[in-house]
file query07.cif (mmCIF, C-alpha atoms)
data_run
#
loop_
_atom_site.label_atom_id
_atom_site.label_comp_id
_atom_site.auth_asym_id
_atom_site.auth_seq_id
_atom_site.Cartn_x
_atom_site.Cartn_y
_atom_site.Cartn_z
CA MET A 1113 62.31 -3.24 19.00
CA SER A 1114 62.24 -2.00 22.55
CA GLU A 1115 62.43 1.64 23.55
CA LYS A 1116 65.15 2.88 25.91
CA PRO A 1117 63.53 3.09 29.37
CA GLU A 1118 63.20 6.62 30.73
CA GLU A 1119 64.72 7.59 34.09
CA PRO A 1120 62.15 7.90 36.89
CA GLU A 1121 60.95 11.44 37.44
CA THR A 1122 61.40 11.72 41.20
CA LEU A 1123 64.48 11.18 43.32
CA SER A 1124 62.82 8.52 45.48
CA ALA A 1125 61.69 6.65 42.37
CA PHE A 1126 65.22 6.86 40.99
CA VAL A 1127 66.63 5.34 44.17
CA GLU A 1128 64.05 2.54 44.06
CA ALA A 1129 64.77 1.87 40.39
CA HIS A 1130 68.47 1.45 41.16
CA ARG A 1131 68.07 -0.29 44.50
CA ASP A 1132 70.65 -3.01 43.91
CA GLU A 1133 73.54 -0.84 42.81
CA LEU A 1134 72.79 1.84 45.40
CA SER A 1135 72.56 -0.74 48.18
CA GLU A 1136 76.05 -1.86 47.26
CA LEU A 1137 77.22 1.75 47.28
CA VAL A 1138 75.95 2.60 50.74
CA ALA A 1139 76.99 -0.70 52.30
CA ALA A 1140 80.52 0.44 53.18
CA PRO A 1141 80.34 1.38 56.85
CA ASP A 1142 82.86 4.22 56.70
CA ARG A 1143 80.55 6.32 54.57
CA ARG A 1144 77.94 6.68 57.28
CA ALA A 1145 77.85 9.60 59.68
CA SER A 1146 79.54 8.92 62.96
CA CYS A 1147 78.04 12.01 64.63
CA PRO A 1148 74.84 10.86 66.36
CA PRO A 1149 72.04 13.41 66.21
CA PRO A 1150 69.90 14.45 69.14
CA PRO A 1151 66.95 12.11 69.60
CA GLY A 1152 64.37 12.71 66.89
CA VAL A 1153 66.47 15.31 65.10
CA GLU A 1154 68.01 14.74 61.72
CA PHE A 1155 71.67 15.67 61.80
CA ARG A 1156 72.34 18.71 59.63
CA ALA A 1157 75.88 19.78 60.29
CA ASP A 1158 77.25 17.41 57.69
CA VAL A 1159 76.16 19.87 55.04
CA LEU A 1160 78.33 22.53 56.59
CA LEU A 1161 81.60 21.19 57.87
CA SER A 1162 83.51 18.02 57.35
CA ALA A 1163 84.83 18.45 60.89
CA CYS A 1164 81.40 17.40 62.04
CA ILE A 1165 81.26 14.25 59.95
CA ASP A 1166 84.29 12.86 61.70
CA PRO A 1167 84.31 14.05 65.29
CA PRO A 1168 87.89 13.86 66.49
CA ASN A 1169 88.55 10.63 68.32
CA GLY A 1170 84.82 10.20 68.52
CA MET B 517 55.62 26.17 59.13
CA GLY B 518 58.61 23.93 59.84
CA GLU B 519 59.56 22.97 63.36
CA LEU B 520 62.78 23.77 65.19
CA ALA B 521 64.49 21.36 67.56
CA SER B 522 64.78 22.67 71.12
CA THR B 523 68.48 21.82 71.42
CA ALA B 524 71.41 21.99 69.03
CA SER B 525 73.83 19.25 68.05
CA VAL B 526 76.31 21.78 66.70
CA VAL B 527 77.10 25.27 67.98
CA PHE B 528 79.25 27.66 65.98
CA LEU B 529 81.35 30.27 67.78
CA GLN B 530 83.18 33.31 66.48
CA PRO B 531 86.06 33.71 68.92
CA VAL B 532 87.51 36.55 66.85
CA THR B 533 86.38 38.57 63.84
CA LEU B 534 89.77 39.14 62.20
CA CYS B 535 91.17 36.95 59.46
CA ASN B 536 94.82 37.17 58.43
CA LEU B 537 93.85 36.32 54.84
CA ASP B 538 91.71 38.34 52.43
CA CYS B 539 90.22 35.76 50.08
CA SER B 540 88.49 37.34 47.12
CA TYR B 541 85.26 35.40 47.64
CA CYS B 542 85.02 35.82 51.43
CA TYR B 543 81.67 37.11 52.66
CA LEU B 544 82.52 37.86 56.31
CA PRO B 545 81.72 41.53 56.97
CA GLN B 546 84.11 42.17 59.88
CA ARG B 547 87.12 40.16 58.83
CA ALA B 548 89.45 43.20 58.71
CA VAL B 549 88.95 44.26 62.35
CA PHE B 550 90.00 42.58 65.58
CA ARG B 551 87.13 41.92 67.98
CA ARG B 552 87.47 39.01 70.38
CA MET B 553 84.96 37.01 72.35
CA SER B 554 84.91 37.60 76.11
CA VAL B 555 84.96 34.88 78.73
CA ASP B 556 81.47 36.00 79.78
CA VAL B 557 80.09 35.20 76.32
CA ALA B 558 81.86 31.83 76.28
CA ASP B 559 80.46 31.07 79.74
CA ALA B 560 76.93 31.83 78.59
CA VAL B 561 77.25 29.46 75.63
CA ALA B 562 78.95 26.82 77.76
CA ARG B 563 76.01 26.76 80.20
CA ALA B 564 73.59 25.84 77.41
CA VAL B 565 75.97 23.35 75.82
CA SER B 566 76.46 21.58 79.12
CA VAL B 567 72.70 21.15 79.55
CA TRP B 568 72.21 19.94 75.97
CA SER B 569 75.04 17.45 76.31
CA ASP B 570 73.05 15.69 79.02
CA ALA B 571 70.71 14.63 76.20
CA HIS B 572 73.12 14.11 73.29
CA PRO B 573 76.67 14.89 72.12
CA VAL B 574 77.31 18.49 71.15
CA HIS B 575 79.96 19.77 68.77
CA VAL B 576 81.38 23.25 69.24
CA VAL B 577 82.85 24.59 66.02
CA TRP B 578 85.21 27.57 66.38
CA HIS B 579 84.75 29.39 63.13
CA GLY B 580 85.88 33.02 63.05
CA GLY B 581 87.25 35.13 61.23
CA GLU B 582 90.35 33.02 61.57
CA PRO B 583 90.02 31.47 65.04
CA LEU B 584 93.77 30.93 65.44
CA VAL B 585 94.33 34.70 65.25
CA LEU B 586 93.25 34.66 68.89
CA GLY B 587 96.50 32.96 69.90
CA VAL B 588 96.93 29.85 72.01
CA PRO B 589 96.35 31.38 75.48
CA GLY B 590 93.19 33.23 74.43
CA PHE B 591 91.76 30.22 72.62
CA VAL B 592 92.48 27.82 75.47
CA GLU B 593 90.91 30.25 77.94
CA LEU B 594 87.61 30.25 75.99
CA LEU B 595 87.65 26.54 75.23
CA GLY B 596 88.34 25.75 78.89
CA ARG B 597 84.96 27.21 79.92
CA PHE B 598 83.10 24.25 78.38
CA ARG B 599 82.08 21.24 80.45
CA ALA B 600 80.42 18.09 79.18
CA GLY B 601 77.24 16.64 80.61
CA LEU B 602 76.41 12.96 80.21
CA HIS B 603 77.57 13.00 76.58
CA ARG B 604 80.68 14.34 74.98
CA VAL B 605 81.24 17.98 74.05
CA GLY B 606 83.60 17.90 71.07
CA HIS B 607 85.51 20.85 69.69
CA ALA B 608 86.61 21.61 66.15
CA VAL B 609 88.25 24.57 64.42
CA GLN B 610 87.64 25.76 60.89
CA THR B 611 90.96 27.36 59.97
CA ASN B 612 92.91 28.56 56.97
CA GLY B 613 95.87 26.60 58.34
CA THR B 614 98.44 29.37 57.95
CA LEU B 615 98.98 29.87 61.69
CA ILE B 616 99.18 26.20 62.72
CA ASP B 617 102.47 25.36 64.38
CA ASP B 618 103.72 22.87 66.97
CA ALA B 619 102.16 24.84 69.83
CA TRP B 620 98.74 24.75 68.19
CA CYS B 621 99.10 21.06 67.43
CA GLU B 622 99.78 20.40 71.11
CA VAL B 623 96.56 22.29 71.95
CA PHE B 624 94.60 20.24 69.41
CA ILE B 625 95.94 17.01 70.90
CA ARG B 626 95.48 18.02 74.56
CA HIS B 627 91.93 19.26 74.06
CA ARG B 628 90.97 16.78 71.32
CA VAL B 629 90.12 19.54 68.87
CA GLY B 630 89.22 18.46 65.35
CA VAL B 631 90.74 20.47 62.52
CA THR B 632 89.33 21.35 59.13
CA VAL B 633 91.50 23.46 56.84
CA SER B 634 90.04 25.76 54.21
CA LEU B 635 92.18 25.37 51.11
CA ASP B 636 91.24 25.36 47.45
CA GLY B 637 93.93 23.09 46.01
CA PRO B 638 97.23 23.60 44.16
CA GLU B 639 97.86 26.75 42.18
CA PRO B 640 95.95 28.04 40.28
CA PHE B 641 92.96 26.61 42.22
CA ASN B 642 94.12 28.49 45.33
CA ARG B 643 94.78 31.88 43.71
CA ASP B 644 91.82 33.60 45.41
CA ARG B 645 93.16 32.82 48.87
CA VAL B 646 95.59 35.68 49.39
CA THR B 647 97.21 37.45 52.31
CA ARG B 648 96.24 40.99 53.28
CA GLY B 649 99.22 42.14 51.22
CA GLY B 650 97.92 40.26 48.20
CA GLY B 651 100.50 37.48 48.36
CA GLU B 652 99.79 33.80 47.88
CA SER B 653 98.90 31.82 51.00
CA LEU B 654 99.35 28.24 49.85
CA ASP B 655 102.88 27.74 51.15
CA ARG B 656 101.87 29.00 54.60
CA ALA B 657 98.87 26.70 54.71
CA LEU B 658 101.00 23.76 53.63
CA ARG B 659 103.46 24.50 56.43
CA GLY B 660 100.55 24.34 58.86
CA ILE B 661 99.39 21.05 57.40
CA ALA B 662 102.93 19.70 57.65
CA ALA B 663 102.78 20.46 61.37
CA LEU B 664 99.49 18.58 61.67
CA ARG B 665 101.04 15.59 59.93
CA ARG B 666 104.17 15.69 62.13
CA HIS B 667 101.88 15.38 65.12
CA HIS B 668 99.76 12.66 63.44
CA LEU B 669 96.66 14.83 63.71
CA PRO B 670 93.82 13.86 61.38
CA PHE B 671 92.31 16.76 59.49
CA GLY B 672 89.66 17.52 56.93
CA ALA B 673 89.69 20.08 54.14
CA ILE B 674 87.11 22.30 52.55
CA ALA B 675 87.68 23.75 49.08
CA VAL B 676 85.82 26.44 47.22
CA VAL B 677 85.69 25.53 43.54
CA GLN B 678 85.44 28.62 41.34
CA ASP B 679 85.57 26.77 38.04
CA PRO B 680 84.01 23.29 38.16
CA ASP B 681 86.03 21.97 35.24
CA PRO B 682 85.27 18.25 34.80
CA ASP B 683 88.68 17.72 33.23
CA ARG B 684 90.40 18.89 36.42
CA ALA B 685 88.23 17.13 38.99
CA GLY B 686 90.63 14.19 39.15
CA GLU B 687 93.61 16.48 39.65
CA LEU B 688 91.83 18.16 42.54
CA TYR B 689 90.91 14.81 44.11
CA ASP B 690 94.45 13.44 43.77
CA TRP B 691 96.01 16.58 45.26
CA PHE B 692 93.85 16.50 48.38
CA SER B 693 94.28 12.78 48.69
CA ALA B 694 98.07 13.20 48.62
CA LEU B 695 97.78 16.03 51.13
CA GLY B 696 96.73 13.48 53.71
CA CYS B 697 93.33 14.80 54.74
CA HIS B 698 90.66 12.28 55.66
CA SER B 699 87.76 14.08 54.04
CA LEU B 700 87.13 16.85 51.55
CA GLY B 701 84.17 19.20 51.42
CA ILE B 702 83.57 21.00 48.16
CA ASN B 703 81.72 24.29 47.93
CA ILE B 704 80.89 25.31 44.39
CA VAL B 705 81.32 29.10 44.46
CA GLU B 706 78.19 30.76 45.83
CA ARG B 707 76.60 34.16 45.90
CA LYS B 708 76.76 34.96 49.58
CA GLY B 709 77.15 37.89 51.96
CA THR B 710 79.21 40.86 50.83
CA ARG B 711 80.35 39.08 47.68
CA ALA B 712 77.69 39.28 45.01
CA GLN B 713 79.67 37.48 42.35
CA ALA B 714 77.84 35.36 39.83
CA SER B 715 77.92 31.65 40.36
CA VAL B 716 78.26 29.04 37.66
CA ASP B 717 74.86 27.50 36.99
CA ASP B 718 74.89 24.94 34.21
CA GLU B 719 75.44 21.29 33.39
CA ARG B 720 79.22 21.59 33.67
CA VAL B 721 78.60 21.29 37.39
CA THR B 722 76.94 17.90 36.90
CA ALA B 723 79.89 16.78 34.78
CA PHE B 724 82.29 17.99 37.49
CA TRP B 725 80.57 15.97 40.22
CA SER B 726 80.43 12.99 37.90
CA ALA B 727 84.15 13.15 37.14
CA LEU B 728 84.91 13.55 40.83
CA ALA B 729 82.74 10.51 41.64
CA VAL B 730 84.63 8.41 39.10
CA HIS B 731 87.94 9.22 40.80
CA TRP B 732 86.48 8.73 44.24
CA ARG B 733 85.03 5.31 43.40
CA LYS B 734 88.29 4.12 41.88
CA ASP B 735 90.51 5.45 44.65
CA GLN B 736 88.43 5.70 47.85
CA ARG B 737 91.28 7.03 50.03
CA LEU B 738 89.44 10.29 50.53
CA ARG B 739 85.91 10.80 51.73
CA ILE B 740 83.91 13.46 49.96
CA ARG B 741 81.58 15.29 52.36
CA GLU B 742 78.91 15.90 49.73
CA PHE B 743 78.90 12.25 48.64
CA ASP B 744 78.66 11.11 52.26
CA HIS B 745 75.62 13.33 52.67
CA ALA B 746 73.97 12.12 49.47
CA LEU B 747 74.55 8.49 50.40
CA ARG B 748 73.04 8.96 53.83
CA TYR B 749 69.87 10.09 52.10
CA VAL B 750 70.06 7.10 49.74
CA ALA B 751 70.50 4.75 52.70
CA ALA B 752 67.45 6.26 54.40
CA GLU B 753 65.41 5.93 51.22
CA LEU B 754 66.43 2.30 50.78
CA ASP B 755 65.62 1.54 54.41
CA GLY B 756 62.21 3.24 54.20
CA ARG B 757 63.29 5.99 56.64
CA ALA B 758 63.31 8.91 54.21
CA ARG B 759 59.84 10.17 55.12
CA GLU B 760 60.59 10.03 58.84
CA ARG B 761 63.84 11.87 58.16
CA ALA B 762 61.99 14.54 56.20
CA MET B 763 59.61 15.18 59.09
CA ALA B 764 62.32 15.57 61.76
CA PRO B 765 62.62 18.99 63.44
CA ARG B 766 65.25 21.32 62.07
CA ASP B 767 68.50 21.60 64.02
CA PRO B 768 68.79 25.32 64.90
CA LEU B 769 72.59 25.36 64.31
CA PRO B 770 73.17 28.51 66.39
CA MET B 771 76.10 30.77 65.64
CA ILE B 772 77.25 33.02 68.47
CA GLY B 773 79.22 36.07 67.45
CA TRP B 774 82.16 37.57 69.33
CA ASN B 775 79.81 39.99 71.15
CA GLY B 776 77.20 37.39 72.12
CA ASP B 777 74.79 38.02 69.26
CA VAL B 778 73.00 34.83 68.26
CA THR B 779 72.01 33.92 64.73
CA MET B 780 70.85 30.56 63.43
CA PHE B 781 71.07 28.07 60.58
CA GLY B 782 74.86 28.06 60.55
CA PRO B 783 77.47 30.80 60.48
CA ASP B 784 76.62 32.49 57.21
CA LEU B 785 74.06 35.06 58.39
CA LEU B 786 76.09 36.49 61.27
CA GLY B 787 76.51 40.26 60.99
CA PHE B 788 73.92 40.69 58.23
CA SER B 789 70.56 42.41 58.22
CA SER B 790 67.79 43.27 55.81
CA PRO B 791 65.88 46.56 55.42
CA ARG B 792 62.69 44.52 55.41
CA LEU B 793 63.45 42.02 58.20
CA GLY B 794 66.02 43.78 60.39
CA ALA B 795 69.14 42.15 61.82
CA PHE B 796 69.43 38.39 61.38
CA THR B 797 69.79 37.80 65.10
CA VAL B 798 67.49 36.19 67.63
CA GLY B 799 69.02 37.70 70.77
CA ASN B 800 72.22 38.18 72.72
CA VAL B 801 73.52 35.86 75.42
CA ALA B 802 74.13 38.85 77.68
CA ASP B 803 70.37 39.42 77.85
CA ALA B 804 68.98 35.88 78.14
CA GLU B 805 70.08 32.25 78.38
CA LEU B 806 70.92 30.74 74.99
CA THR B 807 68.34 28.00 75.49
CA GLU B 808 65.60 30.59 76.05
CA ILE B 809 66.76 32.60 73.05
CA LEU B 810 66.44 29.55 70.80
CA GLU B 811 63.07 28.61 72.28
CA ARG B 812 61.72 32.02 71.30
CA ALA B 813 63.55 32.21 67.96
CA ALA B 814 60.55 31.26 65.82
CA GLU B 815 58.88 34.49 66.97
CA SER B 816 61.42 36.53 64.99
CA GLY B 817 60.09 37.65 61.64
CA TRP B 818 63.12 36.51 59.68
CA VAL B 819 63.15 33.07 61.35
CA GLU B 820 59.46 32.73 60.61
CA GLU B 821 60.23 33.45 56.96
CA VAL B 822 63.06 30.88 57.00
CA LEU B 823 60.69 28.24 58.38
CA ASP B 824 58.09 29.14 55.75
CA GLY B 825 60.77 28.63 53.12
CA ILE B 826 61.69 25.24 54.52
CA GLU B 827 58.04 24.24 54.54
CA ALA B 828 57.67 25.42 50.93
CA CYS B 829 60.58 23.18 49.96
CA ARG B 830 59.05 20.27 51.90
CA THR B 831 55.81 20.72 49.96
CA ALA B 832 57.23 21.42 46.51
CA CYS B 833 60.47 19.50 46.08
CA ASP B 834 61.06 15.77 45.79
CA HIS B 835 64.64 16.32 47.00
CA TYR B 836 63.46 17.52 50.42
CA ALA B 837 64.35 14.34 52.31
CA TYR B 838 67.85 14.75 50.90
CA CYS B 839 68.48 18.49 51.43
CA PHE B 840 65.97 19.50 54.18
CA GLY B 841 64.96 22.74 52.56
CA GLY B 842 68.30 24.13 51.49
CA GLN B 843 70.46 26.73 53.13
CA PRO B 844 68.56 29.84 54.28
CA ALA B 845 71.63 32.02 53.68
CA ASN B 846 71.78 31.02 50.04
CA LYS B 847 68.08 31.71 49.62
CA TYR B 848 68.46 35.19 51.08
CA PHE B 849 71.65 36.22 49.32
CA GLU B 850 70.39 34.97 45.97
CA THR B 851 66.83 36.31 46.10
CA GLY B 852 66.46 38.72 49.04
CA ARG B 853 63.95 36.39 50.68
CA PHE B 854 64.00 33.30 52.88
CA ASP B 855 60.61 31.90 51.86
CA VAL B 856 61.65 30.81 48.38
CA THR B 857 62.50 27.32 47.20
CA GLU B 858 65.03 26.41 44.53
CA THR B 859 68.29 28.36 44.34
CA THR B 860 71.46 28.13 42.30
CA TYR B 861 73.04 26.56 45.36
CA CYS B 862 70.28 23.91 45.30
CA ARG B 863 70.88 23.11 41.68
CA ASN B 864 74.68 23.00 41.92
CA SER B 865 75.24 21.41 45.29
CA LYS B 866 72.23 19.12 45.63
CA LYS B 867 70.44 18.28 42.40
CA ARG B 868 73.42 18.28 40.01
CA LEU B 869 75.54 16.65 42.68
CA MET B 870 73.15 13.73 43.08
CA LYS B 871 72.82 13.37 39.33
CA GLY B 872 76.59 13.56 38.82
CA LEU B 873 77.30 11.14 41.65
CA MET B 874 74.97 8.53 40.17
CA ARG B 875 76.43 9.02 36.72
CA GLY B 876 79.98 8.79 38.02
CA VAL B 877 79.32 5.67 40.06
CA ARG B 878 77.89 3.92 37.03
CA GLU B 879 80.82 5.02 34.91
CA ALA B 880 83.27 3.75 37.50
CA ARG B 881 81.53 0.37 37.43
CA GLY B 882 81.78 0.32 33.65
CA ALA B 883 78.00 0.19 33.31
#
call {"tool": "encode", "arguments": {"input": "query07.cif", "output": "structure tokens"}}
result
Amino acid sequence: MSEKPEEPETLSAFVEAHRDELSELVAAPDRRASCPPPPGVEFRADVLLSACIDPPNG
Amino acid sequence: MGELASTASVVFLQPVTLCNLDCSYCYLPQRAVFRRMSVDVADAVARAVSVWSDAHPVHVVWHGGEPLVLGVPGFVELLGRFRAGLHRVGHAVQTNGTLIDDAWCEVFIRHRVGVTVSLDGPEPFNRDRVTRGGGESLDRALRGIAALRRHHLPFGAIAVVQDPDPDRAGELYDWFSALGCHSLGINIVERKGTRAQASVDDERVTAFWSALAVHWRKDQRLRIREFDHALRYVAAELDGRARERAMAPRDPLPMIGWNGDVTMFGPDLLGFSSPRLGAFTVGNVADAELTEILERAAESGWVEEVLDGIEACRTACDHYAYCFGGQPANKYFETGRFDVTETTYCRNSKKRLMKGLMRGVREARGA
């Protein structure tokens, strides 16, 4: 009898453990940010306003 | 201590303090008085934005108060001060939608202004968004949205969810989807600013996100801002870029008030101060160039404490590459300090969200 596997403890380990299904999930291009960040800077405004996820006509 | 980027990809402006609504959960301290931004203040911000846009696109978000209270001529006068460098300078308004009419729509089209409407959903979801006389505001907002749709203007929506009831998540999703917005941001009610109300903080929030994810996966007409953000982290993790992402400098996200005062890390701290740390400002554009103000910002005691808090999150939390150290405003308004780590906001809008999203996606697949 096998035991039910436990979920990984860290977020990164969780993502790795579910690589296949998550790869499928993020594959759709329209779910990626279309606001390019400044060079070397991670874009943060997406946590604040949806207006900044989809720049108008951008 | 965390590092701040030397330029900003997004700049928030408060063209006017007044809001024509009086939402019960609103935290803005000056929303009952009319103070408007001068052309001189707009010019000072525009000089910095023009320089930054030589290096990368910059988005100017007109936030308020209710920015449309300014009226078309006043708004166009301020907006017209901005010039792009080598990259685009985009404009967006965060509005309650109640003042949008054909004249505003023509402004949005002519100046390519993006629109995000704050709206909590059908009644009773929207009951906290009331006029200054205490009346409901939904019909007025819907009239504004009807104008946007007549002019074929795309728009986003942001909803505050007071009661994250998993059984009503689908209803909320379907309503916004039918409304015609392209994306929906969801803010689980927070303890912020002048409103010290308790926030929900339990596993119902996970179940809410999960139920929302099920509807989203099955329907997919509407983008959910929070899911977009979570999936960008997942994509980075899968591509092996998560560590690099976690080490990137922090975007300063300056917010410039009507009088030229500059705060940082988004709009939420504008107008607030602490007995221990003083006013949450880093300068005024009447006294120095915005670029110089931001370059010196880390010398301010409260900014130093914010950066310490971000670094503490980076060290302590395995979600850092996803959330980048949380929202300083939530840390302060929940605990009275910036150099703390986990908050209720963290749990509800990051950790439970990620957990609920994963659960919902699996459920939608029938796994």
call {"tool": "atom_distance", "arguments": {"input": "query07.cif", "atom1": "CA of Phe796 in chain B", "atom2": "CA of Leu520 in chain B"}}
result
16.5 Å
call {"tool": "resolve_selection", "arguments": {"input": "query07.cif", "expression": "the PyMOL selection byres ((chain A and resi 1122) around 12)", "output": "list in words"}}
result
Glu1118, Glu1119, Pro1120, Glu1121, Leu1123, Ser1124, Ala1125, Phe1126, Val1127, Glu1128 and Ala1129 of chain A; Ala832, Cys833, Asp834, His835, Tyr836, Ala837, Lys867 and Lys871 of chain B
call {"tool": "closest_residue", "arguments": {"input": "query07.cif", "among": "B:Ala675, B:Ala571, B:Ala657, B:Leu586", "to": "Val532 in chain B", "atoms": "all atoms listed in the file"}}
result
B:Leu586
call {"tool": "resolve_selection", "arguments": {"input": "query07.cif", "expression": "the PyMOL selection byres ((chain B) within 8 of (chain A))", "output": "ChimeraX atom specification"}}
result
/B:521,523-526,571-573,575,606,608-610,628-632,670-674,699-701,739,741-742,744-745,747-748,750-751,753-754,761,764-767,769,782,834-835
call {"tool": "atom_distance", "arguments": {"input": "query07.cif", "atom1": "CA of His603 in chain B", "atom2": "CA of Leu810 in chain B"}}
result
20.8 Å
call {"tool": "resolve_selection", "arguments": {"input": "query07.cif", "expression": "the PyMOL selection byres ((chain B and resi 856) around 12)", "output": "ChimeraX atom specification"}}
result
/B:821-833,841-855,857-860,862
call {"tool": "closest_residue", "arguments": {"input": "query07.cif", "among": "B:Trp725, B:Val801, B:Gln530, B:Tyr689", "to": "Lys866 in chain B", "atoms": "all atoms listed in the file"}}
result
B:Trp725
call {"tool": "atom_distance", "arguments": {"input": "query07.cif", "atom1": "CA of Ser653 in chain B", "atom2": "CA of Pro583 in chain B"}}
result
16.6 Å
call {"tool": "closest_residue", "arguments": {"input": "query07.cif", "among": "B:Gly613, B:Gly596, B:Pro638, B:Gly882", "to": "Gly660 in chain B", "atoms": "all atoms listed in the file"}}
result
B:Gly613
call {"tool": "closest_residue", "arguments": {"input": "query07.cif", "among": "B:Arg604, B:Arg552, B:Arg881, B:His579", "to": "Trp732 in chain B", "atoms": "all atoms listed in the file"}}
result
B:Arg881
call {"tool": "closest_residue", "arguments": {"input": "query07.cif", "among": "B:Leu793, B:Ala752, B:Val877, B:Ala802", "to": "Asn775 in chain B", "atoms": "all atoms listed in the file"}}
result
B:Ala802
call {"tool": "residues_around", "arguments": {"input": "query07.cif", "residues": "Asn612 in chain B", "least_positions_apart": "4", "cutoff": "9 Å", "atoms": "all atoms listed in the file", "output": "list of chain:residue names"}}
result
B:Cys535, B:Asn536, B:Leu537, B:Glu582, B:Leu584, B:Ile616, B:Thr632, B:Val633, B:Ser634, B:Leu635, B:Ala657, B:Gly660
call {"tool": "axis_aligned_box", "arguments": {"input": "query07.cif", "around": "range 678-685 of chain B", "padding_each_side": "6 Å", "output": "AutoDock Vina command-line options"}}
result
--center_x 87.2 --center_y 22.9 --center_z 37.3 --size_x 18.4 --size_y 23.5 --size_z 20.1
call {"tool": "residues_near_point", "arguments": {"input": "query07.cif", "point": "(97.8, 22.5, 40.9)", "cutoff": "10 Å", "atoms": "all atoms listed in the file", "output": "PDB file with C-alpha atoms, in the frame of the given file"}}
result
ATOM      1  CA  ASP B 636      91.240  25.360  47.450  1.00  0.00           C
ATOM      2  CA  GLY B 637      93.930  23.090  46.010  1.00  0.00           C
ATOM      3  CA  PRO B 638      97.230  23.600  44.160  1.00  0.00           C
ATOM      4  CA  GLU B 639      97.860  26.750  42.180  1.00  0.00           C
ATOM      5  CA  PRO B 640      95.950  28.040  40.280  1.00  0.00           C
ATOM      6  CA  PHE B 641      92.960  26.610  42.220  1.00  0.00           C
ATOM      7  CA  ASN B 642      94.120  28.490  45.330  1.00  0.00           C
ATOM      8  CA  ARG B 684      90.400  18.890  36.420  1.00  0.00           C
ATOM      9  CA  GLU B 687      93.610  16.480  39.650  1.00  0.00           C
ATOM     10  CA  LEU B 688      91.830  18.160  42.540  1.00  0.00           C
ATOM     11  CA  TRP B 691      96.010  16.580  45.260  1.00  0.00           C
TER      12      TRP B 691
END
